[in-house]
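So this block is query.csv, CSV, C-alpha atoms:
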chain,number,residue,atom,x,y,z
C,1,MET,CA,40.1,-8.6,-20.3
C,2,THR,CA,39.3,-5.5,-22.4
C,3,ASP,CA,39.3,-7.5,-25.6
C,4,LYS,CA,36.9,-10.0,-24.1
C,5,LEU,CA,34.6,-7.2,-22.8
C,6,LYS,CA,34.4,-5.1,-25.9
C,7,PRO,CA,32.2,-7.4,-28.0
C,8,LEU,CA,29.9,-8.0,-25.0
C,9,ARG,CA,29.5,-4.3,-24.5
C,10,GLU,CA,28.8,-3.8,-28.1
C,11,ARG,CA,26.0,-6.4,-27.9
C,12,ILE,CA,24.6,-4.7,-24.8
C,13,ASP,CA,24.7,-1.3,-26.7
C,14,ALA,CA,22.8,-2.9,-29.6
C,15,ILE,CA,20.2,-4.5,-27.3
C,16,ASP,CA,19.8,-1.1,-25.5
C,17,ALA,CA,19.1,0.6,-28.8
C,18,GLN,CA,16.4,-2.0,-29.5
C,19,ILE,CA,14.9,-1.5,-26.1
C,20,LEU,CA,14.9,2.3,-26.5
C,21,SER,CA,13.2,1.9,-29.9
C,22,LEU,CA,10.5,-0.4,-28.5
C,23,LEU,CA,10.0,1.9,-25.5
C,24,SER,CA,9.4,4.8,-27.9
C,25,GLU,CA,7.0,2.8,-29.9
C,26,ARG,CA,5.1,1.8,-26.7
C,27,GLY,CA,4.9,5.4,-25.6
C,28,LYS,CA,3.4,6.4,-28.9
C,29,VAL,CA,0.7,3.7,-28.6
C,30,ALA,CA,0.1,4.9,-25.0
C,31,GLN,CA,-0.5,8.4,-26.4
C,32,GLU,CA,-3.1,6.9,-28.8
C,33,VAL,CA,-4.7,5.1,-25.9
C,34,GLY,CA,-4.9,8.4,-24.1
C,35,HIS,CA,-6.7,10.1,-27.0
C,36,VAL,CA,-9.3,7.3,-27.0
C,37,LYS,CA,-9.7,7.5,-23.3
C,38,ALA,CA,-10.2,11.2,-23.5
C,39,GLU,CA,-13.0,10.8,-26.1
C,40,THR,CA,-14.8,8.2,-23.9
C,41,ASN,CA,-13.9,9.9,-20.5
C,42,ALA,CA,-12.2,6.6,-19.4
C,43,PRO,CA,-9.9,6.6,-16.4
C,44,VAL,CA,-6.1,6.9,-17.0
C,45,PHE,CA,-5.2,4.4,-14.3
C,46,ARG,CA,-6.7,1.0,-14.5
C,47,PRO,CA,-5.4,-1.1,-11.5
C,48,GLU,CA,-6.9,-4.4,-12.8
C,49,ARG,CA,-5.2,-4.0,-16.2
C,50,GLU,CA,-1.8,-3.2,-14.7
C,51,ALA,CA,-2.1,-6.1,-12.3
C,52,GLN,CA,-2.8,-8.4,-15.2
C,53,VAL,CA,0.2,-7.1,-17.1
C,54,LEU,CA,2.5,-7.5,-14.1
C,55,ARG,CA,1.3,-11.0,-13.4
C,56,GLY,CA,1.7,-11.9,-17.1
C,57,VAL,CA,5.3,-10.7,-17.3
C,58,ALA,CA,6.1,-12.8,-14.2
C,59,ASP,CA,4.4,-15.9,-15.8
C,60,ARG,CA,6.3,-15.5,-19.1
C,61,ASN,CA,9.6,-14.4,-17.6
C,62,PRO,CA,12.3,-16.8,-19.0
C,63,GLY,CA,15.1,-15.5,-16.6
C,64,PRO,CA,17.8,-14.9,-15.6
C,65,LEU,CA,16.2,-11.7,-14.1
C,66,LYS,CA,14.0,-12.4,-11.1
C,67,ASP,CA,10.2,-12.0,-11.5
C,68,LYS,CA,10.1,-9.2,-8.9
C,69,ASP,CA,12.8,-7.3,-10.8
C,70,VAL,CA,11.1,-7.7,-14.1
C,71,GLN,CA,7.8,-6.5,-12.6
C,72,THR,CA,9.6,-3.4,-11.2
C,73,ILE,CA,10.9,-2.6,-14.7
C,74,PHE,CA,7.5,-3.0,-16.3
C,75,ARG,CA,5.8,-1.0,-13.5
C,76,GLU,CA,8.1,2.0,-14.3
C,77,ILE,CA,7.4,1.5,-18.0
C,78,MET,CA,3.7,1.6,-17.5
C,79,SER,CA,4.0,4.6,-15.1
C,80,SER,CA,6.0,6.6,-17.6
C,81,CYS,CA,3.6,5.7,-20.4
C,82,ARG,CA,0.6,6.5,-18.2
C,83,ALA,CA,2.2,9.9,-17.5
C,84,LEU,CA,2.0,10.7,-21.3
C,85,GLU,CA,-1.7,10.6,-20.9
C,86,LYS,CA,-1.8,12.3,-17.4
C,87,ARG,CA,0.3,12.3,-14.3
C,88,VAL,CA,-2.0,11.1,-11.5
C,89,THR,CA,-1.7,12.7,-8.1
C,90,VAL,CA,-1.4,10.4,-5.1
C,91,ALA,CA,-1.8,11.5,-1.4
C,92,TYR,CA,0.0,9.6,1.4
C,93,LEU,CA,1.0,10.0,5.0
C,94,GLY,CA,4.1,12.2,4.8
C,95,PRO,CA,6.6,13.7,4.8
C,96,SER,CA,8.7,12.3,2.1
C,97,GLY,CA,10.6,9.1,3.2
C,98,THR,CA,7.7,7.2,4.9
C,99,PHE,CA,6.8,3.6,4.2
C,100,SER,CA,3.5,5.0,2.8
C,101,GLU,CA,5.5,6.8,0.1
C,102,GLN,CA,7.3,3.6,-0.6
C,103,ALA,CA,3.9,1.9,-1.0
C,104,VAL,CA,2.8,4.7,-3.4
C,105,PHE,CA,5.8,4.1,-5.7
C,106,GLN,CA,5.4,0.3,-5.5
C,107,GLN,CA,1.8,0.7,-6.7
C,108,PHE,CA,2.0,3.6,-9.2
C,109,GLY,CA,5.7,3.8,-10.2
C,110,THR,CA,7.5,7.1,-9.9
C,111,ALA,CA,6.1,9.0,-12.9
C,112,ILE,CA,3.4,10.6,-10.7
C,113,HIS,CA,2.7,13.7,-8.6
C,114,THR,CA,2.8,12.9,-4.9
C,115,LEU,CA,0.9,14.8,-2.1
C,116,PRO,CA,2.4,14.2,1.4
C,117,CYS,CA,-0.2,14.7,4.1
C,118,VAL,CA,0.2,15.3,7.8
C,119,SER,CA,-2.3,12.6,8.9
C,120,ILE,CA,-4.3,9.6,7.6
C,121,ASP,CA,-7.4,11.9,8.0
C,122,GLU,CA,-5.8,14.4,5.5
C,123,VAL,CA,-5.1,11.6,3.0
C,124,PHE,CA,-8.8,10.7,3.0
C,125,ARG,CA,-9.9,14.4,2.9
C,126,ALA,CA,-7.6,15.2,-0.1
C,127,THR,CA,-8.9,12.2,-2.0
C,128,GLU,CA,-12.5,12.9,-1.2
C,129,ALA,CA,-12.1,16.5,-2.3
C,130,GLY,CA,-10.4,15.6,-5.5
C,131,THR,CA,-7.1,17.3,-4.6
C,132,ALA,CA,-5.6,13.9,-5.2
C,133,ASP,CA,-6.7,11.3,-7.7
C,134,PHE,CA,-5.9,8.5,-5.2
C,135,GLY,CA,-4.7,8.1,-1.6
C,136,VAL,CA,-2.6,5.4,0.0
C,137,VAL,CA,-3.3,4.5,3.6
C,138,PRO,CA,-2.0,1.8,5.9
C,139,VAL,CA,-4.6,-0.7,7.1
C,140,GLU,CA,-2.8,-3.5,8.9
C,141,ASN,CA,0.6,-4.6,10.2
C,142,SER,CA,1.6,-8.2,10.5
C,143,SER,CA,2.9,-7.6,14.0
C,144,GLU,CA,0.5,-5.0,15.5
C,145,GLY,CA,-2.7,-5.8,13.6
C,146,ALA,CA,-5.2,-3.3,12.3
C,147,ILE,CA,-4.6,0.4,11.9
C,148,ASN,CA,-7.8,1.5,13.7
C,149,ARG,CA,-7.9,5.1,12.4
C,150,SER,CA,-7.9,3.8,8.8
C,151,LEU,CA,-10.8,1.4,9.6
C,152,ASP,CA,-12.9,4.1,11.2
C,153,LEU,CA,-12.4,6.4,8.2
C,154,LEU,CA,-13.2,3.7,5.7
C,155,LEU,CA,-16.6,3.3,7.4
C,156,ALA,CA,-17.6,6.9,6.7
C,157,THR,CA,-15.7,7.8,3.5
C,158,THR,CA,-17.2,8.3,0.1
C,159,THR,CA,-14.0,6.9,-1.5
C,160,ILE,CA,-13.7,3.3,-2.9
C,161,ILE,CA,-10.8,0.9,-2.4
C,162,SER,CA,-9.2,0.2,-5.8
C,163,GLY,CA,-5.9,-1.5,-4.8
C,164,GLU,CA,-3.7,-2.9,-2.1
C,165,VAL,CA,0.0,-2.9,-1.5
C,166,SER,CA,2.0,-5.1,0.9
C,167,ILE,CA,5.6,-4.1,1.7
C,168,ALA,CA,8.3,-5.4,4.0
C,169,VAL,CA,8.9,-3.0,6.8
C,170,HIS,CA,12.5,-2.7,8.1
C,171,HIS,CA,13.1,-0.2,10.9
C,172,SER,CA,16.4,1.4,11.6
C,173,LEU,CA,17.5,3.4,14.6
C,174,MET,CA,19.2,6.5,13.4
C,175,THR,CA,20.7,9.8,14.8
C,176,LYS,CA,22.4,12.9,13.4
C,177,THR,CA,25.8,11.5,14.5
C,178,GLY,CA,25.3,7.8,14.0
C,179,SER,CA,25.6,7.1,17.7
C,180,MET,CA,23.4,7.2,20.8
C,181,ASP,CA,25.7,9.5,22.7
C,182,GLY,CA,23.7,12.3,24.2
C,183,VAL,CA,20.4,11.0,22.9
C,184,LYS,CA,17.5,11.6,25.3
C,185,VAL,CA,14.5,10.5,23.3
C,186,VAL,CA,13.5,8.1,20.5
C,187,CYS,CA,10.8,9.3,18.1
C,188,ALA,CA,8.7,7.3,15.7
C,189,HIS,CA,5.1,6.6,14.7
C,190,SER,CA,3.3,4.7,17.5
C,191,GLN,CA,3.1,1.6,15.3
C,192,ALA,CA,6.8,1.6,14.8
C,193,LEU,CA,7.5,2.0,18.5
C,194,ALA,CA,5.3,-0.9,19.2
C,195,GLN,CA,7.0,-3.0,16.5
C,196,CYS,CA,10.4,-2.4,18.0
C,197,GLN,CA,9.5,-2.4,21.7
C,198,VAL,CA,11.3,-5.7,22.6
C,199,TRP,CA,14.6,-4.4,21.0
C,200,LEU,CA,14.3,-1.0,22.6
C,201,ASN,CA,13.6,-2.6,26.0
C,202,LEU,CA,16.7,-4.7,25.7
C,203,HIS,CA,19.1,-2.1,24.3
C,204,HIS,CA,17.8,1.3,25.4
C,205,PRO,CA,15.3,0.8,28.2
C,206,ASP,CA,15.9,4.1,29.9
C,207,VAL,CA,15.6,6.4,26.8
C,208,GLU,CA,12.2,8.2,26.5
C,209,ARG,CA,10.0,7.1,23.6
C,210,ARG,CA,7.8,9.7,21.9
C,211,ALA,CA,5.2,9.0,19.3
C,212,VAL,CA,5.0,11.4,16.3
C,213,ALA,CA,2.8,11.6,13.2
C,214,SER,CA,5.1,9.5,11.0
C,215,ASN,CA,8.6,7.9,11.0
C,216,ALA,CA,9.7,10.4,8.4
C,217,GLU,CA,8.7,13.2,10.8
C,218,ALA,CA,10.9,11.5,13.4
C,219,ALA,CA,13.8,11.5,10.9
C,220,VAL,CA,13.3,15.2,10.3
C,221,LEU,CA,13.4,15.9,14.1
C,222,ALA,CA,16.5,13.7,14.5
C,223,SER,CA,18.2,15.7,11.6
C,224,GLN,CA,17.6,18.9,13.5
C,225,ASP,CA,18.5,17.8,17.1
C,226,PRO,CA,21.4,15.5,18.1
C,227,THR,CA,19.5,14.5,21.3
C,228,VAL,CA,16.8,12.8,19.2
C,229,ALA,CA,17.0,9.4,17.7
C,230,ALA,CA,14.5,8.3,15.0
C,231,ILE,CA,13.1,4.9,14.0
C,232,ALA,CA,12.5,5.0,10.3
C,233,SER,CA,13.4,3.5,7.0
C,234,GLU,CA,17.0,3.7,5.7
C,235,MET,CA,15.5,5.6,2.7
C,236,ALA,CA,14.3,8.3,5.2
C,237,GLY,CA,17.7,8.2,6.9
C,238,GLU,CA,19.5,8.9,3.6
C,239,GLN,CA,17.1,11.6,2.6
C,240,TYR,CA,17.6,13.5,5.9
C,241,GLN,CA,21.3,12.6,6.2
C,242,LEU,CA,21.2,10.5,9.4
C,243,GLY,CA,23.7,7.9,10.5
C,244,VAL,CA,22.5,4.4,11.2
C,245,VAL,CA,23.0,3.2,14.8
C,246,GLN,CA,21.4,-0.2,14.2
C,247,ALA,CA,19.5,-1.5,11.2
C,248,HIS,CA,16.5,-3.9,11.2
C,249,ILE,CA,15.5,-3.4,14.8
C,250,GLN,CA,11.9,-4.6,14.3
C,251,ASP,CA,11.0,-7.4,16.6
C,252,ASP,CA,9.5,-9.5,13.8
C,253,PRO,CA,12.1,-10.0,11.0
C,254,HIS,CA,9.2,-10.7,8.6
C,255,ASN,CA,7.3,-7.5,9.5
C,256,ARG,CA,5.0,-6.3,6.8
C,257,THR,CA,2.4,-3.6,6.4
C,258,ARG,CA,-0.6,-3.7,4.1
C,259,PHE,CA,-1.8,-0.5,2.4
C,260,LEU,CA,-5.0,0.3,0.6
C,261,VAL,CA,-5.4,2.5,-2.4
C,262,ILE,CA,-8.5,4.7,-2.2
C,263,GLY,CA,-10.2,6.9,-4.8
C,264,GLN,CA,-13.4,7.2,-6.8
C,265,LEU,CA,-12.5,4.5,-9.3
C,266,GLN,CA,-14.6,1.3,-9.3
C,267,THR,CA,-12.1,-1.4,-10.4
C,268,GLY,CA,-13.1,-4.1,-12.8
C,269,PRO,CA,-12.2,-7.8,-12.3
C,270,SER,CA,-8.5,-8.8,-12.8
C,271,GLY,CA,-8.9,-12.5,-12.3
C,272,LYS,CA,-7.4,-12.5,-8.8
C,273,ASP,CA,-9.3,-10.0,-6.6
C,274,ARG,CA,-10.4,-9.1,-3.1
C,275,THR,CA,-13.5,-7.4,-1.8
C,276,GLY,CA,-13.8,-5.4,1.4
C,277,ILE,CA,-17.1,-5.0,3.2
C,278,VAL,CA,-18.4,-3.6,6.5
C,279,LEU,CA,-21.2,-5.2,8.4
C,280,ALA,CA,-23.2,-4.8,11.6
C,281,VAL,CA,-25.7,-7.2,13.2
C,282,PRO,CA,-28.2,-6.9,16.0
C,283,ASN,CA,-26.8,-7.9,19.4
C,284,LYS,CA,-28.2,-11.4,19.8
C,285,ALA,CA,-26.8,-14.9,20.1
C,286,GLY,CA,-25.5,-16.4,16.8
C,287,ALA,CA,-26.1,-13.2,14.8
C,288,VAL,CA,-22.6,-13.0,13.4
C,289,TYR,CA,-22.5,-16.7,12.6
C,290,ASN,CA,-25.8,-16.6,10.8
C,291,LEU,CA,-24.8,-13.4,9.0
C,292,LEU,CA,-21.6,-14.9,7.5
C,293,ALA,CA,-23.3,-18.2,6.5
C,294,PRO,CA,-23.9,-17.1,2.9
C,295,LEU,CA,-20.1,-17.0,2.3
C,296,GLU,CA,-19.8,-20.7,3.1
C,297,LYS,CA,-23.1,-21.4,1.2
C,298,HIS,CA,-21.7,-19.9,-2.0
C,299,GLY,CA,-18.1,-21.0,-1.6
C,300,VAL,CA,-16.6,-17.6,-1.0
C,301,SER,CA,-13.4,-17.5,1.1
C,302,MET,CA,-13.1,-15.0,3.9
C,303,THR,CA,-9.5,-13.8,4.3
C,304,ARG,CA,-9.8,-11.2,7.1
C,305,PHE,CA,-12.2,-10.4,9.9
C,306,GLU,CA,-11.8,-7.4,12.2
C,307,SER,CA,-14.2,-5.8,14.6
C,308,ARG,CA,-14.4,-2.1,15.7
C,309,PRO,CA,-16.7,-0.6,18.4
C,310,ALA,CA,-19.6,1.3,17.0
C,311,ARG,CA,-19.6,4.9,18.1
C,312,ILE,CA,-23.1,5.8,16.8
C,313,GLY,CA,-26.3,3.9,16.2
C,314,THR,CA,-27.8,0.9,18.0
C,315,TRP,CA,-25.1,-1.8,17.3
C,316,GLU,CA,-22.2,-2.6,19.4
C,317,TYR,CA,-19.6,-3.4,16.7
C,318,TYR,CA,-18.9,-3.0,13.0
C,319,PHE,CA,-17.2,-6.0,11.4
C,320,TYR,CA,-14.7,-5.5,8.6
C,321,VAL,CA,-14.5,-8.5,6.3
C,322,ASP,CA,-12.2,-9.2,3.3
C,323,ILE,CA,-13.3,-12.0,0.9
C,324,GLU,CA,-11.7,-13.4,-2.2
C,325,GLY,CA,-13.2,-12.4,-5.5
C,326,HIS,CA,-14.8,-9.4,-7.2
C,327,VAL,CA,-18.4,-8.1,-6.7
C,328,HIS,CA,-19.0,-9.0,-10.4
C,329,ASP,CA,-18.1,-12.6,-9.8
C,330,ALA,CA,-21.4,-14.6,-9.7
C,331,ALA,CA,-20.7,-16.4,-6.4
C,332,VAL,CA,-19.6,-13.3,-4.7
C,333,ALA,CA,-22.6,-11.3,-6.0
C,334,ARG,CA,-25.0,-14.0,-4.7
C,335,ALA,CA,-23.3,-14.1,-1.3
C,336,LEU,CA,-23.2,-10.3,-0.9
C,337,ALA,CA,-26.9,-10.1,-1.8
C,338,GLU,CA,-27.8,-12.5,1.0
C,339,LEU,CA,-25.4,-10.7,3.4
C,340,LYS,CA,-27.1,-7.4,2.7
C,341,ASP,CA,-30.6,-8.8,3.3
C,342,ASN,CA,-29.5,-10.2,6.7
C,343,ALA,CA,-27.3,-7.3,8.0
C,344,ALA,CA,-28.4,-4.3,10.1
C,345,PHE,CA,-25.7,-2.3,8.3
C,346,PHE,CA,-23.9,-3.2,5.0
C,347,LYS,CA,-21.3,-1.4,2.9
C,348,VAL,CA,-19.1,-2.6,0.1
C,349,LEU,CA,-15.7,-0.8,0.5
C,350,GLY,CA,-14.5,-1.9,-2.9
C,351,SER,CA,-13.2,-4.7,-5.1
C,352,TYR,CA,-9.6,-4.6,-6.2
C,353,PRO,CA,-6.7,-6.7,-7.5
C,354,GLN,CA,-4.8,-8.6,-4.8
C,355,SER,CA,-1.3,-7.4,-4.0
C,356,LEU,CA,1.4,-9.0,-6.2

As structure tokens, how would this structure be written, given the file I've shared?
Amino acid sequence: MTDKLKPLRERIDAIDAQILSLLSERGKVAQEVGHVKAETNAPVFRPEREAQVLRGVADRNPGPLKDKDVQTIFREIMSSCRALEKRVTVAYLGPSGTFSEQAVFQQFGTAIHTLPCVSIDEVFRATEAGTADFGVVPVENSSEGAINRSLDLLLATTTIISGEVSIAVHHSLMTKTGSMDGVKVVCAHSQALAQCQVWLNLHHPDVERRAVASNAEAAVLASQDPTVAAIASEMAGEQYQLGVVQAHIQDDPHNRTRFLVIGQLQTGPSGKDRTGIVLAVPNKAGAVYNLLAPLEKHGVSMTRFESRPARIGTWEYYFYVDIEGHVHDAAVARALAELKDNAAFFKVLGSYPQSL
């Protein structure tokens, strides 16, 4: 066996040397790019460019590595090379170990500075103040729908959406001991409790449920108190040394959460984009239908429609709409111009590459 493995290992070593040499060469070119960007005051992070690269490597991937794995490798390469120019700072709902942190790494790679925040409001505040270059906030879940606090903050924020990330959300029930003996309360974010309520009703109907700021905070509490169980990711469980009572307790096995990347960057077209807008109309029959008619007229597809009660002003609801395409696309630009003329309130939240 050793005789057969030796030449294969030697080939791998030779290939690794080539890879290392090419990575070094790529890093040097990235440094040159950084010098040019510094001269022109161009942004370090270009979501549309990175999305094009990641789509391209998947399209050209000859195998046997899976497209997703190849994209993960290239994302880390781009993250490390970007860090040679500047390490961006990204705010997210903390502490460390949340699904928000997972979304951050999926979008930016790991060669960044992270800024955990105690609430979604703080993520927006840090990004608006420039303490963070970008923020990552949850906006909707496939089981529980919209994250209303994020929608409300998007309405008033000065930041712009520059990206989106969709991740699979697998919840685990964990305790300090790995069992439910002596446990009096289950802690988690309110969304996680809702996403696991059927399982909890079936298996632990008499245990108190307590909402906390994040699932990672629940993991911290469980690590400090054996009477507390946490619903969180297994990554958080490992980080805070918890034992898994039961994995994958979410009611929907295909549970996913969509996150938005916010900042001050106006992203250019990537070829496969989405645009978010907020609208309001006077309270009269057919107003919403008439308002959205320009989308059909110009062949623009609407992918999401949410309403939120208006807390100020003279309208009853704000409507959050996602459409396919970029504001610089001709058809989208024409449709938005007509929407703006007909709306009582109109705001473009941003155009950005669609999640891979």

Pick out the closest residue to C:Ala287 from this set: C:Phe74, C:Tyr317, C:Phe305, C:Phe259. Count only C-alpha atoms.
-> C:Tyr317

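Minimum distance to C:Arg82 across C:Leu193, C:Ile120, C:Ala58, C:Val33 (counting all atoms listed in the file) occurs at C:Val33.
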
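Atom CA of C:Ser214 is positioned 17.0 Å from atom CA of C:Ile249.
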
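With only C-alpha atoms as the basis for measurement, C:Val90 is the residue among C:Ala146, C:Val90, C:Leu242, C:Leu153 that approaches C:Ala132 most closely.
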
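Across the model, the gap from atom CA of C:Val261 to atom CA of C:Leu292 is 25.8 Å.
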
Could you list, with a cut-off of 12 Å and counting only C-alpha atoms, the residues of stretch 243-284 of chain C near stretch 93-109 of chain C, each shown with its nearest atom pair and the distance in Å rounded to one decimal, rows sorted by chain and ascending number, as a tab-separated table?
residue	atom	partner	partner_atom	distance
C:Arg256	CA	C:Phe99	CA	10.4
C:Thr257	CA	C:Phe99	CA	8.7
C:Arg258	CA	C:Ala103	CA	8.8
C:Phe259	CA	C:Ala103	CA	7.1
C:Leu260	CA	C:Ala103	CA	9.2
C:Val261	CA	C:Val104	CA	8.5
C:Ile262	CA	C:Val104	CA	11.4
